[in-house]
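To start, the structure itself, in structure tokens.
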Amino acid sequence: MSINATLIGQMITFALLVWFTMKYIWPPLFQSLEERKKKIAEGLAAAERGQHEMELAEKKALGVLRNAKEQSADIVTMAQKRANEIVEESKTVAKQEGDRLLNAAKAQIDQELQQAKEGLRKEVSSLAIKAAEQILSAEIDEGKHQEIVSKISNQLG
Amino acid sequence: MATEAHAAEGATGYIIHHLTPLSVGEGFWTLHLDTLFFSAALGGLFIWFFKRAADKATAGVPGLVQNFVEMLIEFVDTQVKDSFHGKSELICPLALTIFCWVFLWNFMDLFPVDILPAIGSMMGITYLRVVPSTDLNATFAMSISVFCLIIFYSIKVKGPWGFAKELMFQPFGPWLLPFNLLLKVVEEIAKPISLALRLFGNLYAGELIFILIALLPWFIQPVLSFPWAIFHILIITLQAFIFMVLTIVYLSMAHEDH
């Protein structure tokens, strides 16, 4: 069991192996490990961020939903109010229209009454004149009494 | 020791045969071809496997191979971060290489003790010791390399004078300078020696026990070698881990300025 030149050969082999490992084996493997570590860390961070964002979005969605509900309730109330108003308005309008029609009818009736009265007056006056003519034809000169007749006729109106 | 073993027969011969490396050359310039071959081949396996994963590495969903490799990378990185607080491009790859390479060396221990030498002898190779960590040269090569790095970083971080001061004036102050120096030098030298001998001793003993079990009658062998192999799965991983962690600790000590 002697120490001999094998020692030198072994040392050379060892040096070569260490050199090769240092140059070509350790760096790429270690780098890939580091890269993966970073990737995983990034992935975890992203997942956490995503979760956080989801929570925020959920909160936001809830807020939006609540707002929408409130708004819809408002809209319904407003619509009801508006409907009531419309009904009231139409009631007023209808009443006014009715009044107007009523008034118009009354006016027409008045007018017609007036016309009838006029006609009647004329007829009555002419009848009276005729009667008077016939009564007076014998004794009264038409020309002389014309003035009196028309005065009476005016009084009849 | 190999030369006497040729003649020996029986159990002793069998054991010695299994623990004798395939060597060429004389004296110091002997080369253990099996150690060199297997450790280089295992290093190649390690490099090939990890390079394949590194080429395909993505930050996306990892495949099976990438997952496994990344598990090791994370494991080593955690160990380094736990005890090493400086910044170094070298220490992580170094630790990874040590862990995987030593583990693969030790893993050769789990092959049945006779299978690879038998294949070897078919190809005309008389001796074959398949576990590189049962060769002191392999373990010392690694620990001496680590030792050189310790010295290098000590000087680089603390400066030559700072390192010298640490050797001379600690732990007992300037009045006990020679004693301090002795203590510190022993401490430093002990690091590579303990690293190398711990690994070598564990694996050598483990292999020896496998060989001893292989000498028993065939019907007893599974009863013993199975639990020992399972225990060894723990040992080989543990030894690789210890080597790696101690390297990290020593280097972090080298980086710390007192």
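Identifiers for the structure tokens are assigned positionally: chains receive A, B, ... in sequence, residues are indexed from 1 per chain, and ligands are indexed from 1 in the order shown.
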
At a cut-off of 7 Å, list the chain A residues touching chain B, using only C-alpha atoms, as a PyMOL selection string.
chain A and resi 3-11+13-14+17-18+21-22+25-26+28-29+32-33+35-36

List as number ranges by chain the protein and nucleic acid residues near range 229-240 of chain B, meaning an atom at most 9 Å away when only C-alpha atoms are counted, but skip any in the same chain fewer than 5 places from it.
B: 98-107, 109-110, 198-199, 202-203, 206, 210, 224, 245

Output N, CA and C atoms for every residue in the selection just made, as a PDB file, in the first residue's frame.
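Generated file (part_35.pdb):
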```pdb
ATOM      1  N   ILE B  98     -16.881  16.332  -5.312  1.00  0.00           N
ATOM      2  CA  ILE B  98     -16.372  15.418  -4.294  1.00  0.00           C
ATOM      3  C   ILE B  98     -17.457  14.426  -3.889  1.00  0.00           C
ATOM      4  N   PHE B  99     -18.647  14.950  -3.625  1.00  0.00           N
ATOM      5  CA  PHE B  99     -19.718  14.069  -3.157  1.00  0.00           C
ATOM      6  C   PHE B  99     -20.023  13.002  -4.189  1.00  0.00           C
ATOM      7  N   CYS B 100     -20.232  13.422  -5.425  1.00  0.00           N
ATOM      8  CA  CYS B 100     -20.636  12.450  -6.451  1.00  0.00           C
ATOM      9  C   CYS B 100     -19.515  11.488  -6.768  1.00  0.00           C
ATOM     10  N   TRP B 101     -18.297  12.017  -6.865  1.00  0.00           N
ATOM     11  CA  TRP B 101     -17.186  11.165  -7.269  1.00  0.00           C
ATOM     12  C   TRP B 101     -16.896  10.136  -6.181  1.00  0.00           C
ATOM     13  N   VAL B 102     -16.827  10.592  -4.964  1.00  0.00           N
ATOM     14  CA  VAL B 102     -16.547   9.666  -3.868  1.00  0.00           C
ATOM     15  C   VAL B 102     -17.678   8.644  -3.748  1.00  0.00           C
ATOM     16  N   PHE B 103     -18.900   9.128  -3.938  1.00  0.00           N
ATOM     17  CA  PHE B 103     -20.017   8.191  -3.860  1.00  0.00           C
ATOM     18  C   PHE B 103     -19.888   7.110  -4.929  1.00  0.00           C
ATOM     19  N   LEU B 104     -19.538   7.515  -6.134  1.00  0.00           N
ATOM     20  CA  LEU B 104     -19.413   6.531  -7.219  1.00  0.00           C
ATOM     21  C   LEU B 104     -18.251   5.571  -6.966  1.00  0.00           C
ATOM     22  N   TRP B 105     -17.133   6.100  -6.482  1.00  0.00           N
ATOM     23  CA  TRP B 105     -16.018   5.228  -6.104  1.00  0.00           C
ATOM     24  C   TRP B 105     -16.514   4.172  -5.147  1.00  0.00           C
ATOM     25  N   ASN B 106     -17.140   4.674  -4.075  1.00  0.00           N
ATOM     26  CA  ASN B 106     -17.559   3.766  -3.014  1.00  0.00           C
ATOM     27  C   ASN B 106     -18.609   2.781  -3.520  1.00  0.00           C
ATOM     28  N   PHE B 107     -19.401   3.256  -4.465  1.00  0.00           N
ATOM     29  CA  PHE B 107     -20.479   2.418  -4.971  1.00  0.00           C
ATOM     30  C   PHE B 107     -19.938   1.152  -5.622  1.00  0.00           C
ATOM     31  N   ASP B 109     -17.988  -0.703  -4.533  1.00  0.00           N
ATOM     32  CA  ASP B 109     -17.900  -1.663  -3.452  1.00  0.00           C
ATOM     33  C   ASP B 109     -19.078  -2.627  -3.447  1.00  0.00           C
ATOM     34  N   LEU B 110     -20.204  -2.162  -3.972  1.00  0.00           N
ATOM     35  CA  LEU B 110     -21.419  -2.968  -3.891  1.00  0.00           C
ATOM     36  C   LEU B 110     -21.514  -4.009  -5.006  1.00  0.00           C
ATOM     37  N   ARG B 198      -9.699   8.359   6.645  1.00  0.00           N
ATOM     38  CA  ARG B 198     -11.054   7.993   7.051  1.00  0.00           C
ATOM     39  C   ARG B 198     -11.768   7.270   5.913  1.00  0.00           C
ATOM     40  N   LEU B 199     -11.724   7.900   4.747  1.00  0.00           N
ATOM     41  CA  LEU B 199     -12.388   7.305   3.585  1.00  0.00           C
ATOM     42  C   LEU B 199     -11.753   5.958   3.232  1.00  0.00           C
ATOM     43  N   ASN B 202     -12.476   3.156   5.911  1.00  0.00           N
ATOM     44  CA  ASN B 202     -13.846   2.652   5.874  1.00  0.00           C
ATOM     45  C   ASN B 202     -14.073   1.726   4.697  1.00  0.00           C
ATOM     46  N   LEU B 203     -13.634   2.169   3.548  1.00  0.00           N
ATOM     47  CA  LEU B 203     -13.922   1.404   2.352  1.00  0.00           C
ATOM     48  C   LEU B 203     -13.052   0.157   2.253  1.00  0.00           C
ATOM     49  N   GLY B 206     -14.491  -2.254   4.597  1.00  0.00           N
ATOM     50  CA  GLY B 206     -15.747  -2.756   4.050  1.00  0.00           C
ATOM     51  C   GLY B 206     -15.510  -3.789   2.975  1.00  0.00           C
ATOM     52  N   PHE B 210     -16.391  -7.861   2.703  1.00  0.00           N
ATOM     53  CA  PHE B 210     -17.051  -8.513   1.569  1.00  0.00           C
ATOM     54  C   PHE B 210     -16.236  -9.706   1.082  1.00  0.00           C
ATOM     55  N   LEU B 224     -25.080 -13.100   5.137  1.00  0.00           N
ATOM     56  CA  LEU B 224     -24.155 -12.097   5.662  1.00  0.00           C
ATOM     57  C   LEU B 224     -23.955 -10.923   4.711  1.00  0.00           C
ATOM     58  N   VAL B 245     -18.593  17.493   3.406  1.00  0.00           N
ATOM     59  CA  VAL B 245     -18.868  18.469   4.460  1.00  0.00           C
ATOM     60  C   VAL B 245     -17.572  18.965   5.099  1.00  0.00           C
TER      61      VAL B 245
END
```

Leaving out Ala214 in chain B and any residue of its chain fewer than 6 positions from it, which residues lie within 10 Å of it when counting only C-alpha atoms, given as a PyMOL selection string?
chain B and resi 14-15+112-114+208+220-222+224-225

To test your reading of the structure, identify every residue in range 74-137 of chain B that backbone DSSP assigns to helix (DSSP H, G or I), and report it as a ChimeraX atom specification.
/B:74-83,91-110,115-122,132-134,136-137

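Across the structure, CA of Phe200 in chain B and CA of Ser133 in chain B are spaced 5.6 Å apart.
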
Quick one: pull the distance between CA of Gly201 in chain B and CA of Gln79 in chain B, Å, one decimal.
24.3 Å

Straight-line distance linking CA of Glu42 in chain A with CA of Ser88 in chain B, stated in Å to one decimal:
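Taking CA of Glu42 in chain A and CA of Ser88 in chain B, their separation equals 28.0 Å.
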
Lys184 in chain B environment, 8 Å, only C-alpha atoms, sequence neighbours closer than 5 positions dropped, as a PyMOL selection string:
chain B and resi 167-168+170

Please produce a file of those selected residues containing C-alpha atoms, as a PDB file, in the first residue's frame.
```pdb
ATOM      1  CA  LEU B 167       0.158  29.977  12.456  1.00  0.00           C
ATOM      2  CA  MET B 168       2.520  31.621  14.934  1.00  0.00           C
ATOM      3  CA  GLN B 170      -2.626  31.310  17.852  1.00  0.00           C
TER       4      GLN B 170
END
```

Considering only strand (DSSP E) as DSSP defines it on the backbone, what residues of range 19-108 of chain B qualify? List them as a list of chain:residue names.
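Taking range 19-108 of chain B and keeping strand (DSSP E) only, one gets B:Ser23, B:Val24, B:Leu31, B:His32.
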
Just write the chosen residues, N, CA and C atoms, as an mmCIF file, in the first residue's frame.
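Listing of selection30.cif after writing:
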```
data_model
loop_
_atom_site.group_PDB
_atom_site.id
_atom_site.type_symbol
_atom_site.label_atom_id
_atom_site.label_comp_id
_atom_site.auth_asym_id
_atom_site.auth_seq_id
_atom_site.Cartn_x
_atom_site.Cartn_y
_atom_site.Cartn_z
ATOM 1 N N SER B 23 -0.834 -2.834 -11.513
ATOM 2 C CA SER B 23 0.095 -1.714 -11.576
ATOM 3 C C SER B 23 1.169 -1.913 -12.631
ATOM 4 N N VAL B 24 1.627 -0.796 -13.111
ATOM 5 C CA VAL B 24 2.788 -0.816 -14.007
ATOM 6 C C VAL B 24 3.827 0.150 -13.451
ATOM 7 N N LEU B 31 2.130 3.070 -11.499
ATOM 8 C CA LEU B 31 0.777 3.575 -11.713
ATOM 9 C C LEU B 31 -0.210 2.455 -11.449
ATOM 10 N N HIS B 32 -1.222 2.768 -10.645
ATOM 11 C CA HIS B 32 -2.282 1.780 -10.437
ATOM 12 C C HIS B 32 -3.322 1.972 -11.522
#
```

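In terms of minimum interatomic distance to Glu118 in chain A, A:Leu156 ranks closest within A:Ala15, A:Leu56, A:Leu156, A:Ile40, counting only C-alpha atoms.
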
Residues near Pro117 in chain B, anyone? I mean within 8 Å using only C-alpha atoms, not counting same-chain ones fewer than 2 positions away, as a VMD selection string.
chain B and resid 18 113 to 115 119 to 121 125 to 130

Extract, using only C-alpha atoms, all DNA, RNA and protein residues at most 10 Å from Ile152 in chain A, discarding same-chain residues fewer than 5 positions from it, and format them as number ranges by chain.
A: 125, 128-129, 147, 157

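Proximity ranking of A:Ala61, A:Met54, A:Glu88, A:Val149 relative to Leu136 in chain A places A:Val149 first, based on only C-alpha atoms.
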